[in-house]
Amino acid sequence: MKLGVLKRYWDFLPTTSNTSLITLGEGDTPLLRSQSLEKELGCGELYFKLEGCNPTGSFKDRGMVVAAAKALEIGCSAIICASTGNTSASASAYGALCKLDTIVIIPSGNIAIGKLAQAIVYGARIISIDGNFDQALDIVRALVQRYPITLVNSLNPHRIEGQKTAAFEIVDTLGDAPDFLFIPVGNAGNITAYWKGFKEYYDVGRATRMPRMMGFEAEGAAPIARGRVFPKPETIATAIRIGNPASWQKAETARDESGGIIDCVSDGEILAAYHLLATTEGIFGEPASAASVAGLIKLSRKGMNLSKERVTCVITGSGLKDPDTAVKRASPFLESAATLDAVEQTLGWR
Ligand SMILES: *Cc1c(COP(=O)(O)O)cnc(C)c1O
C-alpha cells in the first residue's frame, strides 16, 4: 500500500497533532536506471525520477498534499492558485478530496488540454484570463490579501516542504545523493525544494554528500539564466513558460551553494529530448519534463565528462497531459485496406 508523502515523511514535514493524514497516493515514484542514454552520453550512472507517476501526473501533488492538509488544519475552506496547468490539476484533485472550494486562474490558450480536463473533472472553478502566468499569479497574490483563501502556488512554503520529499526518495533509493541533479526550472519552486531536501538529509546524516543542482529553463523563458525578466515568455514547454519566477533568488541560492548552474535549452532541444526519451527509454514525459534531459545532452555534447558521475534527471510530469504536442509532429500513418493481404503489403512483408 502507498503511504503517501505525509505519512512516509511525517517527521520531516511541518506536521502537528492536528494535521490530517490525507493522501491520494502521491510520492514513492519510480527511479529508473537508463537503458540507453547512459551509454550514449557516457554517464557513470544515469537515473530518471518519474514524477509523472504521481496521482495527477506531476510532482505538484507532493507539495499540494501538504498545502491542502495545512489549509484544513487552520480551518480554511477555499484554495486558489495561478497555473500553467499542473498546479491547477493538483489543487483541484486535493481540493476535491478535502472538500475545499478550489479556484484556479489560468492563462487562456496556453494550457495543455489534459491539464484543463483534470481541473474540469475534479470540479474546480476555472477562470481563464487574457494574460500570462505571471499576470495570473499577481492577481492571485492580491486576492489572498483580501479574502480568507489559501494560496497554493509554490510561494506557499508548505508546497516546498512536500516537494522536497522527492529528494529524500532519491537518497533512500540510491543509498546516497547523486553527484548531479538535472531539473527543469519554471517558477523555480521545485529546484528550491529539492535543494532543501538534499540539505536536510545531509544534515541528519542520511546522505554523505549533496548533488550539484543543474537547472534548465526554456530559451524563450529564461529569466534566471539570462538575468532579466522575460515580459512575454514563449516556449512549447508550457509548464516552464514563466518570465519572472517567484522563487528566483532561492533557485540562485540552490545553484550557488551546490556549485551547479542554471542554463537554458531551445524548444528544438526540448522536443528532441522529448522524443528520444520516449523512443529509446520508453518514458513519455511532457515537454517541460524533457528540459532536464535536454540540458544533460547539451552539456555532454559540449564535452562535460560524466563517466565517473551518478546523474539523476527529474521527469517532472506525464506526457499524456499534452497529447497535442505528441500528435502534432506525428509522421502520417500508413494506410491500408482492411485485409491481411493489404496490411502485409503495406508493411512490405510480401
Ligand atoms: C510546475 C512544473 C515545472 C516547473 O517547476 P517549478 O517549480 O515551477 O520550477 C516543470 N515541469 C512540470 C511538468 C511542471 O508541472
# chains A, B, ... in the order shown; residues from 1 in each chain; ligands from 1
call {"tool": "closest_atom_pairs", "arguments": {"of": "range 10-103 of chain A", "to": "range 318-336 of chain A", "cutoff": "8 Å", "atoms": "only C-alpha atoms", "output": "JSON lines"}}
result
{"residue": "A:Glu51", "atom": "CA", "partner": "A:Ser318", "partner_atom": "CA", "distance": 7.5}
{"residue": "A:Gly52", "atom": "CA", "partner": "A:Ser318", "partner_atom": "CA", "distance": 4.1}
{"residue": "A:Cys53", "atom": "CA", "partner": "A:Ser318", "partner_atom": "CA", "distance": 7.2}
{"residue": "A:Gly57", "atom": "CA", "partner": "A:Ser318", "partner_atom": "CA", "distance": 5.3}
{"residue": "A:Ser58", "atom": "CA", "partner": "A:Ser318", "partner_atom": "CA", "distance": 6.4}
call {"tool": "write_last_selection", "arguments": {"atoms": "C-alpha atoms", "output": "tab-separated table (two decimals), in the first residue's frame"}}
result
chain	number	residue	atom	x	y	z
A	51	GLU	CA	7.26	12.26	-11.26
A	52	GLY	CA	4.58	11.75	-13.91
A	53	CYS	CA	3.62	8.67	-11.86
A	57	GLY	CA	0.58	13.13	-13.28
A	58	SER	CA	3.09	15.65	-11.94
call {"tool": "residues_near_ligand", "arguments": {"ligand": "ligand 1", "cutoff": "7 Å", "atoms": "only C-alpha atoms and all ligand atoms", "output": "list in words"}}
result
Ser58, Phe59, Lys60, Asn86, Thr87, Ser154, Pro184, Val185, Gly186, Asn187, Ala188, Gly189, Asn190, Ile191, Ala239, Ile240, Glu286, Ala288, Ser289, Thr316 and Gly317 of chain A
call {"tool": "write_last_selection", "arguments": {"atoms": "N, CA and C atoms", "output": "PDB file, in the first residue's frame"}}
result
ATOM      1  N   SER A  58       1.917  14.786 -12.066  1.00  0.00           N
ATOM      2  CA  SER A  58       3.093  15.648 -11.941  1.00  0.00           C
ATOM      3  C   SER A  58       3.538  15.709 -10.480  1.00  0.00           C
ATOM      4  N   PHE A  59       4.750  16.232 -10.278  1.00  0.00           N
ATOM      5  CA  PHE A  59       5.311  16.342  -8.923  1.00  0.00           C
ATOM      6  C   PHE A  59       4.522  17.294  -8.033  1.00  0.00           C
ATOM      7  N   LYS A  60       3.662  18.127  -8.630  1.00  0.00           N
ATOM      8  CA  LYS A  60       2.927  19.130  -7.849  1.00  0.00           C
ATOM      9  C   LYS A  60       2.151  18.478  -6.694  1.00  0.00           C
ATOM     10  N   ASN A  86      -0.458  22.231 -14.400  1.00  0.00           N
ATOM     11  CA  ASN A  86      -0.309  21.132 -13.446  1.00  0.00           C
ATOM     12  C   ASN A  86      -0.663  21.519 -12.016  1.00  0.00           C
ATOM     13  N   THR A  87      -0.387  22.750 -11.638  1.00  0.00           N
ATOM     14  CA  THR A  87      -0.774  23.180 -10.290  1.00  0.00           C
ATOM     15  C   THR A  87      -2.297  23.170 -10.167  1.00  0.00           C
ATOM     16  N   SER A 154       3.617  27.729  -5.380  1.00  0.00           N
ATOM     17  CA  SER A 154       4.800  27.319  -4.608  1.00  0.00           C
ATOM     18  C   SER A 154       5.352  28.439  -3.729  1.00  0.00           C
ATOM     19  N   PRO A 184      14.092  20.638 -14.676  1.00  0.00           N
ATOM     20  CA  PRO A 184      13.508  21.788 -15.380  1.00  0.00           C
ATOM     21  C   PRO A 184      13.215  22.907 -14.377  1.00  0.00           C
ATOM     22  N   VAL A 185      13.314  24.157 -14.831  1.00  0.00           N
ATOM     23  CA  VAL A 185      13.033  25.292 -13.948  1.00  0.00           C
ATOM     24  C   VAL A 185      11.993  26.206 -14.596  1.00  0.00           C
ATOM     25  N   GLY A 186      10.903  26.435 -13.869  1.00  0.00           N
ATOM     26  CA  GLY A 186       9.870  27.358 -14.329  1.00  0.00           C
ATOM     27  C   GLY A 186       9.727  28.468 -13.309  1.00  0.00           C
ATOM     28  N   ASN A 187       8.827  28.254 -12.350  1.00  0.00           N
ATOM     29  CA  ASN A 187       8.669  29.229 -11.266  1.00  0.00           C
ATOM     30  C   ASN A 187       9.736  29.025 -10.194  1.00  0.00           C
ATOM     31  N   ALA A 188      10.524  27.981 -10.354  1.00  0.00           N
ATOM     32  CA  ALA A 188      11.721  27.697  -9.550  1.00  0.00           C
ATOM     33  C   ALA A 188      11.430  27.177  -8.144  1.00  0.00           C
ATOM     34  N   GLY A 189      10.192  26.761  -7.894  1.00  0.00           N
ATOM     35  CA  GLY A 189       9.874  26.156  -6.600  1.00  0.00           C
ATOM     36  C   GLY A 189      10.500  24.782  -6.443  1.00  0.00           C
ATOM     37  N   ASN A 190      10.516  24.009  -7.527  1.00  0.00           N
ATOM     38  CA  ASN A 190      10.959  22.622  -7.397  1.00  0.00           C
ATOM     39  C   ASN A 190      12.461  22.508  -7.174  1.00  0.00           C
ATOM     40  N   ILE A 191      13.251  23.315  -7.865  1.00  0.00           N
ATOM     41  CA  ILE A 191      14.702  23.261  -7.639  1.00  0.00           C
ATOM     42  C   ILE A 191      15.001  23.696  -6.204  1.00  0.00           C
ATOM     43  N   ALA A 239       4.677  24.316 -19.142  1.00  0.00           N
ATOM     44  CA  ALA A 239       4.817  24.253 -17.678  1.00  0.00           C
ATOM     45  C   ALA A 239       5.989  25.100 -17.172  1.00  0.00           C
ATOM     46  N   ILE A 240       6.885  25.486 -18.073  1.00  0.00           N
ATOM     47  CA  ILE A 240       8.000  26.344 -17.657  1.00  0.00           C
ATOM     48  C   ILE A 240       7.989  27.667 -18.447  1.00  0.00           C
ATOM     49  N   GLU A 286       6.030  15.053 -20.286  1.00  0.00           N
ATOM     50  CA  GLU A 286       5.531  16.207 -21.037  1.00  0.00           C
ATOM     51  C   GLU A 286       6.729  17.057 -21.474  1.00  0.00           C
ATOM     52  N   ALA A 288       7.948  20.033 -20.934  1.00  0.00           N
ATOM     53  CA  ALA A 288       8.749  20.706 -19.901  1.00  0.00           C
ATOM     54  C   ALA A 288       9.666  19.723 -19.174  1.00  0.00           C
ATOM     55  N   SER A 289       9.189  18.508 -18.981  1.00  0.00           N
ATOM     56  CA  SER A 289       9.970  17.482 -18.287  1.00  0.00           C
ATOM     57  C   SER A 289      11.262  17.168 -19.000  1.00  0.00           C
ATOM     58  N   THR A 316       9.437  15.621 -14.735  1.00  0.00           N
ATOM     59  CA  THR A 316       8.508  16.271 -13.802  1.00  0.00           C
ATOM     60  C   THR A 316       7.028  15.945 -14.006  1.00  0.00           C
ATOM     61  N   GLY A 317       6.620  15.579 -15.247  1.00  0.00           N
ATOM     62  CA  GLY A 317       5.195  15.339 -15.475  1.00  0.00           C
ATOM     63  C   GLY A 317       4.942  14.399 -16.649  1.00  0.00           C
TER      64      GLY A 317
END
call {"tool": "residues_around", "arguments": {"residues": "Gln163 in chain A", "least_positions_apart": "4", "cutoff": "12 Å", "atoms": "only C-alpha atoms", "output": "ChimeraX atom specification"}}
result
/A:5-6,9,12-13,26-28,51,54,58-67,154,156-159,167-169,188-198,316
call {"tool": "write_last_selection", "arguments": {"atoms": "N, CA and C atoms", "output": "short mmCIF file (atom, residue, chain, number, x, y, z; two decimals), in the first residue's frame"}}
result
data_model
loop_
_atom_site.label_atom_id
_atom_site.label_comp_id
_atom_site.auth_asym_id
_atom_site.auth_seq_id
_atom_site.Cartn_x
_atom_site.Cartn_y
_atom_site.Cartn_z
N VAL A 5 2.93 10.92 1.00
CA VAL A 5 4.06 11.75 1.42
C VAL A 5 3.97 12.13 2.91
N LEU A 6 2.77 12.47 3.37
CA LEU A 6 2.64 12.93 4.77
C LEU A 6 3.02 11.82 5.75
N TYR A 9 6.95 10.69 5.40
CA TYR A 9 7.98 11.65 5.84
C TYR A 9 7.45 12.60 6.91
N PHE A 12 9.68 14.91 8.91
CA PHE A 12 10.43 15.93 8.16
C PHE A 12 9.52 17.04 7.64
N LEU A 13 8.22 16.91 7.91
CA LEU A 13 7.25 17.87 7.36
C LEU A 13 6.65 18.72 8.48
N GLU A 26 0.28 9.97 -3.44
CA GLU A 26 1.39 10.69 -4.07
C GLU A 26 2.75 10.20 -3.53
N GLY A 27 3.78 10.47 -4.30
CA GLY A 27 5.15 10.10 -3.90
C GLY A 27 5.46 8.64 -4.19
N ASP A 28 6.63 8.19 -3.71
CA ASP A 28 7.09 6.82 -3.95
C ASP A 28 7.11 6.52 -5.45
N GLU A 51 8.27 11.55 -12.03
CA GLU A 51 7.26 12.26 -11.26
C GLU A 51 5.88 12.30 -11.95
N ASN A 54 2.86 10.36 -10.28
CA ASN A 54 2.03 10.86 -9.17
C ASN A 54 0.55 10.85 -9.57
N SER A 58 1.92 14.79 -12.07
CA SER A 58 3.09 15.65 -11.94
C SER A 58 3.54 15.71 -10.48
N PHE A 59 4.75 16.23 -10.28
CA PHE A 59 5.31 16.34 -8.92
C PHE A 59 4.52 17.29 -8.03
N LYS A 60 3.66 18.13 -8.63
CA LYS A 60 2.93 19.13 -7.85
C LYS A 60 2.15 18.48 -6.69
N ASP A 61 1.77 17.20 -6.87
CA ASP A 61 0.98 16.52 -5.84
C ASP A 61 1.72 16.41 -4.50
N ARG A 62 3.03 16.27 -4.55
CA ARG A 62 3.80 16.15 -3.30
C ARG A 62 3.65 17.39 -2.43
N GLY A 63 3.64 18.56 -3.09
CA GLY A 63 3.52 19.79 -2.33
C GLY A 63 2.06 20.10 -2.01
N MET A 64 1.17 19.72 -2.94
CA MET A 64 -0.24 20.07 -2.77
C MET A 64 -0.86 19.31 -1.60
N VAL A 65 -0.42 18.07 -1.36
CA VAL A 65 -1.00 17.30 -0.26
C VAL A 65 -0.69 17.98 1.08
N VAL A 66 0.50 18.55 1.18
CA VAL A 66 0.87 19.24 2.43
C VAL A 66 0.13 20.58 2.52
N ALA A 67 0.08 21.31 1.41
CA ALA A 67 -0.62 22.60 1.41
C ALA A 67 -2.11 22.42 1.74
N SER A 154 3.62 27.73 -5.38
CA SER A 154 4.80 27.32 -4.61
C SER A 154 5.35 28.44 -3.73
N ASN A 156 3.61 29.28 -1.37
CA ASN A 156 3.17 28.68 -0.12
C ASN A 156 4.29 27.74 0.36
N PRO A 157 4.89 28.03 1.51
CA PRO A 157 6.06 27.25 1.94
C PRO A 157 5.75 25.76 2.14
N HIS A 158 4.50 25.42 2.38
CA HIS A 158 4.15 24.01 2.56
C HIS A 158 4.30 23.21 1.26
N ARG A 159 4.14 23.91 0.12
CA ARG A 159 4.36 23.25 -1.16
C ARG A 159 5.83 22.80 -1.26
N ALA A 167 13.55 14.51 -3.19
CA ALA A 167 14.99 14.38 -2.93
C ALA A 167 15.24 13.27 -1.90
N PHE A 168 14.40 13.22 -0.87
CA PHE A 168 14.54 12.16 0.14
C PHE A 168 14.45 10.78 -0.53
N GLU A 169 13.46 10.64 -1.41
CA GLU A 169 13.26 9.33 -2.05
C GLU A 169 14.46 8.91 -2.89
N ALA A 188 10.52 27.98 -10.35
CA ALA A 188 11.72 27.70 -9.55
C ALA A 188 11.43 27.18 -8.14
N GLY A 189 10.19 26.76 -7.89
CA GLY A 189 9.87 26.16 -6.60
C GLY A 189 10.50 24.78 -6.44
N ASN A 190 10.52 24.01 -7.53
CA ASN A 190 10.96 22.62 -7.40
C ASN A 190 12.46 22.51 -7.17
N ILE A 191 13.25 23.31 -7.86
CA ILE A 191 14.70 23.26 -7.64
C ILE A 191 15.00 23.70 -6.20
N THR A 192 14.23 24.65 -5.71
CA THR A 192 14.35 25.11 -4.32
C THR A 192 14.03 23.97 -3.36
N ALA A 193 12.96 23.24 -3.68
CA ALA A 193 12.52 22.15 -2.81
C ALA A 193 13.53 21.00 -2.78
N TYR A 194 14.01 20.60 -3.94
CA TYR A 194 15.00 19.51 -3.99
C TYR A 194 16.25 19.88 -3.19
N TRP A 195 16.70 21.11 -3.37
CA TRP A 195 17.92 21.51 -2.66
C TRP A 195 17.69 21.47 -1.15
N LYS A 196 16.52 21.91 -0.72
CA LYS A 196 16.18 21.86 0.70
C LYS A 196 16.19 20.41 1.19
N GLY A 197 15.61 19.52 0.40
CA GLY A 197 15.56 18.10 0.78
C GLY A 197 16.94 17.49 0.88
N PHE A 198 17.78 17.74 -0.11
CA PHE A 198 19.14 17.17 -0.07
C PHE A 198 19.91 17.71 1.13
N THR A 316 9.44 15.62 -14.73
CA THR A 316 8.51 16.27 -13.80
C THR A 316 7.03 15.95 -14.01
#
call {"tool": "residues_around", "arguments": {"residues": "range 32-38 of chain A", "least_positions_apart": "6", "cutoff": "7 Å", "atoms": "only C-alpha atoms", "output": "PyMOL selection string"}}
result
chain A and resi 45-49+280-281
call {"tool": "write_last_selection", "arguments": {"atoms": "C-alpha atoms", "output": "CSV table (one decimal), in the first residue's frame"}}
result
chain,number,residue,atom,x,y,z
A,45,GLU,CA,25.1,6.0,-13.9
A,46,LEU,CA,22.0,7.8,-15.2
A,47,TYR,CA,18.6,7.6,-13.5
A,48,PHE,CA,15.2,9.1,-14.2
A,49,LYS,CA,12.9,10.1,-11.4
A,280,THR,CA,14.8,5.0,-26.6
A,281,GLU,CA,13.8,4.7,-22.9
call {"tool": "select_by_dssp", "arguments": {"residues": "range 3-142 of chain A", "states": "strand (DSSP E)", "output": "list in words"}}
result
Leu31, Leu32, Arg33, Glu45, Leu46, Tyr47, Phe48, Lys49, Leu50, Ala78, Ile79, Ile80, Cys81, Ala82, Asp101, Thr102, Ile103, Val104, Ile105, Ile106, Pro107, Arg125, Ile126, Ile127, Ser128 and Ile129 of chain A
call {"tool": "write_last_selection", "arguments": {"atoms": "C-alpha atoms", "output": "PDB file, in the first residue's frame"}}
result
ATOM      1  CA  LEU A  31      13.664   5.869 -10.048  1.00  0.00           C
ATOM      2  CA  LEU A  32      14.621   4.116 -13.283  1.00  0.00           C
ATOM      3  CA  ARG A  33      18.134   3.324 -14.489  1.00  0.00           C
ATOM      4  CA  GLU A  45      25.143   6.006 -13.883  1.00  0.00           C
ATOM      5  CA  LEU A  46      22.019   7.755 -15.162  1.00  0.00           C
ATOM      6  CA  TYR A  47      18.605   7.612 -13.491  1.00  0.00           C
ATOM      7  CA  PHE A  48      15.213   9.131 -14.234  1.00  0.00           C
ATOM      8  CA  LYS A  49      12.880  10.118 -11.399  1.00  0.00           C
ATOM      9  CA  LEU A  50       9.417   9.608 -12.869  1.00  0.00           C
ATOM     10  CA  ALA A  78     -11.012  27.568  -0.039  1.00  0.00           C
ATOM     11  CA  ILE A  79      -7.776  27.343  -2.005  1.00  0.00           C
ATOM     12  CA  ILE A  80      -6.625  29.315  -5.031  1.00  0.00           C
ATOM     13  CA  CYS A  81      -3.750  29.188  -7.497  1.00  0.00           C
ATOM     14  CA  ALA A  82      -2.440  30.627 -10.726  1.00  0.00           C
ATOM     15  CA  ASP A 101     -13.649  25.290  -2.735  1.00  0.00           C
ATOM     16  CA  THR A 102     -10.943  25.412  -5.429  1.00  0.00           C
ATOM     17  CA  ILE A 103     -10.352  28.374  -7.718  1.00  0.00           C
ATOM     18  CA  VAL A 104      -7.762  28.236 -10.484  1.00  0.00           C
ATOM     19  CA  ILE A 105      -6.652  31.121 -12.678  1.00  0.00           C
ATOM     20  CA  ILE A 106      -5.076  30.097 -15.962  1.00  0.00           C
ATOM     21  CA  PRO A 107      -3.641  31.916 -18.987  1.00  0.00           C
ATOM     22  CA  ARG A 125     -13.915  26.928 -10.550  1.00  0.00           C
ATOM     23  CA  ILE A 126     -11.769  27.904 -13.515  1.00  0.00           C
ATOM     24  CA  ILE A 127     -11.055  31.467 -14.550  1.00  0.00           C
ATOM     25  CA  SER A 128      -9.215  31.860 -17.819  1.00  0.00           C
ATOM     26  CA  ILE A 129      -7.524  35.263 -18.148  1.00  0.00           C
TER      27      ILE A 129
END
call {"tool": "atom_distance", "arguments": {"atom1": "CA of Met214 in chain A", "atom2": "CA of Phe133 in chain A"}}
result
23.7 Å
call {"tool": "select_by_dssp", "arguments": {"residues": "range 57-163 of chain A", "states": "helix (DSSP H, G or I)", "output": "PyMOL selection string"}}
result
chain A and resi 60-73+86-97+113-122+133-146+157-163
call {"tool": "atom_distance", "arguments": {"atom1": "CA of Ser108 in chain A", "atom2": "CA of Thr84 in chain A"}}
result
9.6 Å
call {"tool": "closest_residue", "arguments": {"among": "A:Ser17, A:Thr238, A:Ser300, A:Ser90", "to": "Asn153 in chain A", "atoms": "only C-alpha atoms"}}
result
A:Ser90
call {"tool": "atom_distance", "arguments": {"atom1": "CA of Gly285 in chain A", "atom2": "CA of Val265 in chain A"}}
result
16.3 Å
call {"tool": "residues_around", "arguments": {"residues": "Glu217 in chain A", "least_positions_apart": "5", "cutoff": "12 Å", "atoms": "only C-alpha atoms", "output": "compact mmCIF listing (two decimals) with C-alpha atoms, in the first residue's frame"}}
result
# COMPACT_ATOMS: atom_id res chain seq x y z
CA PHE A 182 19.18 17.82 -13.66
CA ILE A 183 15.83 19.53 -13.32
CA PRO A 184 13.51 21.79 -15.38
CA VAL A 185 13.03 25.29 -13.95
CA GLY A 186 9.87 27.36 -14.33
CA ASN A 187 8.67 29.23 -11.27
CA ALA A 188 11.72 27.70 -9.55
CA ILE A 191 14.70 23.26 -7.64
CA ALA A 222 14.98 32.08 -19.35
CA PRO A 223 14.92 34.85 -16.72
CA ILE A 224 17.38 33.23 -14.32
CA ALA A 225 19.81 32.00 -16.97
CA ARG A 226 19.82 35.42 -18.67
CA GLY A 227 19.48 37.55 -15.56
CA PHE A 230 11.01 37.96 -19.72
CA PRO A 233 7.81 34.29 -22.18
CA GLU A 234 7.37 31.82 -25.04
CA THR A 235 8.07 28.11 -25.25
CA ILE A 236 6.39 24.89 -26.31
CA ALA A 237 7.10 23.65 -22.78
CA THR A 238 4.11 25.44 -21.25
CA ALA A 239 4.82 24.25 -17.68
CA ILE A 240 8.00 26.34 -17.66
CA ARG A 241 6.65 29.29 -19.66
CA ILE A 242 7.38 31.75 -16.86
CA GLY A 243 9.12 35.09 -17.21
CA ASN A 244 9.51 36.22 -13.60
CA PRO A 245 9.84 33.22 -11.27
CA TRP A 248 14.15 33.29 -8.41
CA ALA A 251 16.95 29.00 -7.12
CA ILE A 261 24.26 26.02 -12.93
CA ILE A 262 21.00 27.40 -14.28
CA ASP A 263 21.13 27.40 -18.06
CA CYS A 264 18.56 27.14 -20.84
CA VAL A 265 17.69 24.88 -23.77
CA SER A 266 15.85 25.70 -27.01
CA ASP A 267 12.43 24.33 -27.93
CA GLU A 269 16.46 20.70 -27.96
CA ILE A 270 13.48 20.11 -25.66
CA PRO A 287 7.70 18.68 -22.98
CA ALA A 288 8.75 20.71 -19.90
CA SER A 289 9.97 17.48 -18.29
CA ALA A 290 12.35 16.89 -21.14
CA ALA A 291 14.23 20.14 -20.36
CA SER A 292 16.27 18.24 -17.75
CA VAL A 293 17.35 15.63 -20.28
CA ALA A 294 17.89 18.28 -22.98
CA GLY A 295 20.20 20.05 -20.53
call {"tool": "residues_around", "arguments": {"residues": "Lys199 in chain A", "least_positions_apart": "4", "cutoff": "12 Å", "atoms": "only C-alpha atoms", "output": "PyMOL selection string"}}
result
chain A and resi 164-165+167-168+171+177+192-195+203-213+254+257-258
call {"tool": "residues_around", "arguments": {"residues": "Pro148 in chain A", "least_positions_apart": "4", "cutoff": "9 Å", "atoms": "only C-alpha atoms", "output": "ChimeraX atom specification"}}
result
/A:76-78,143-144
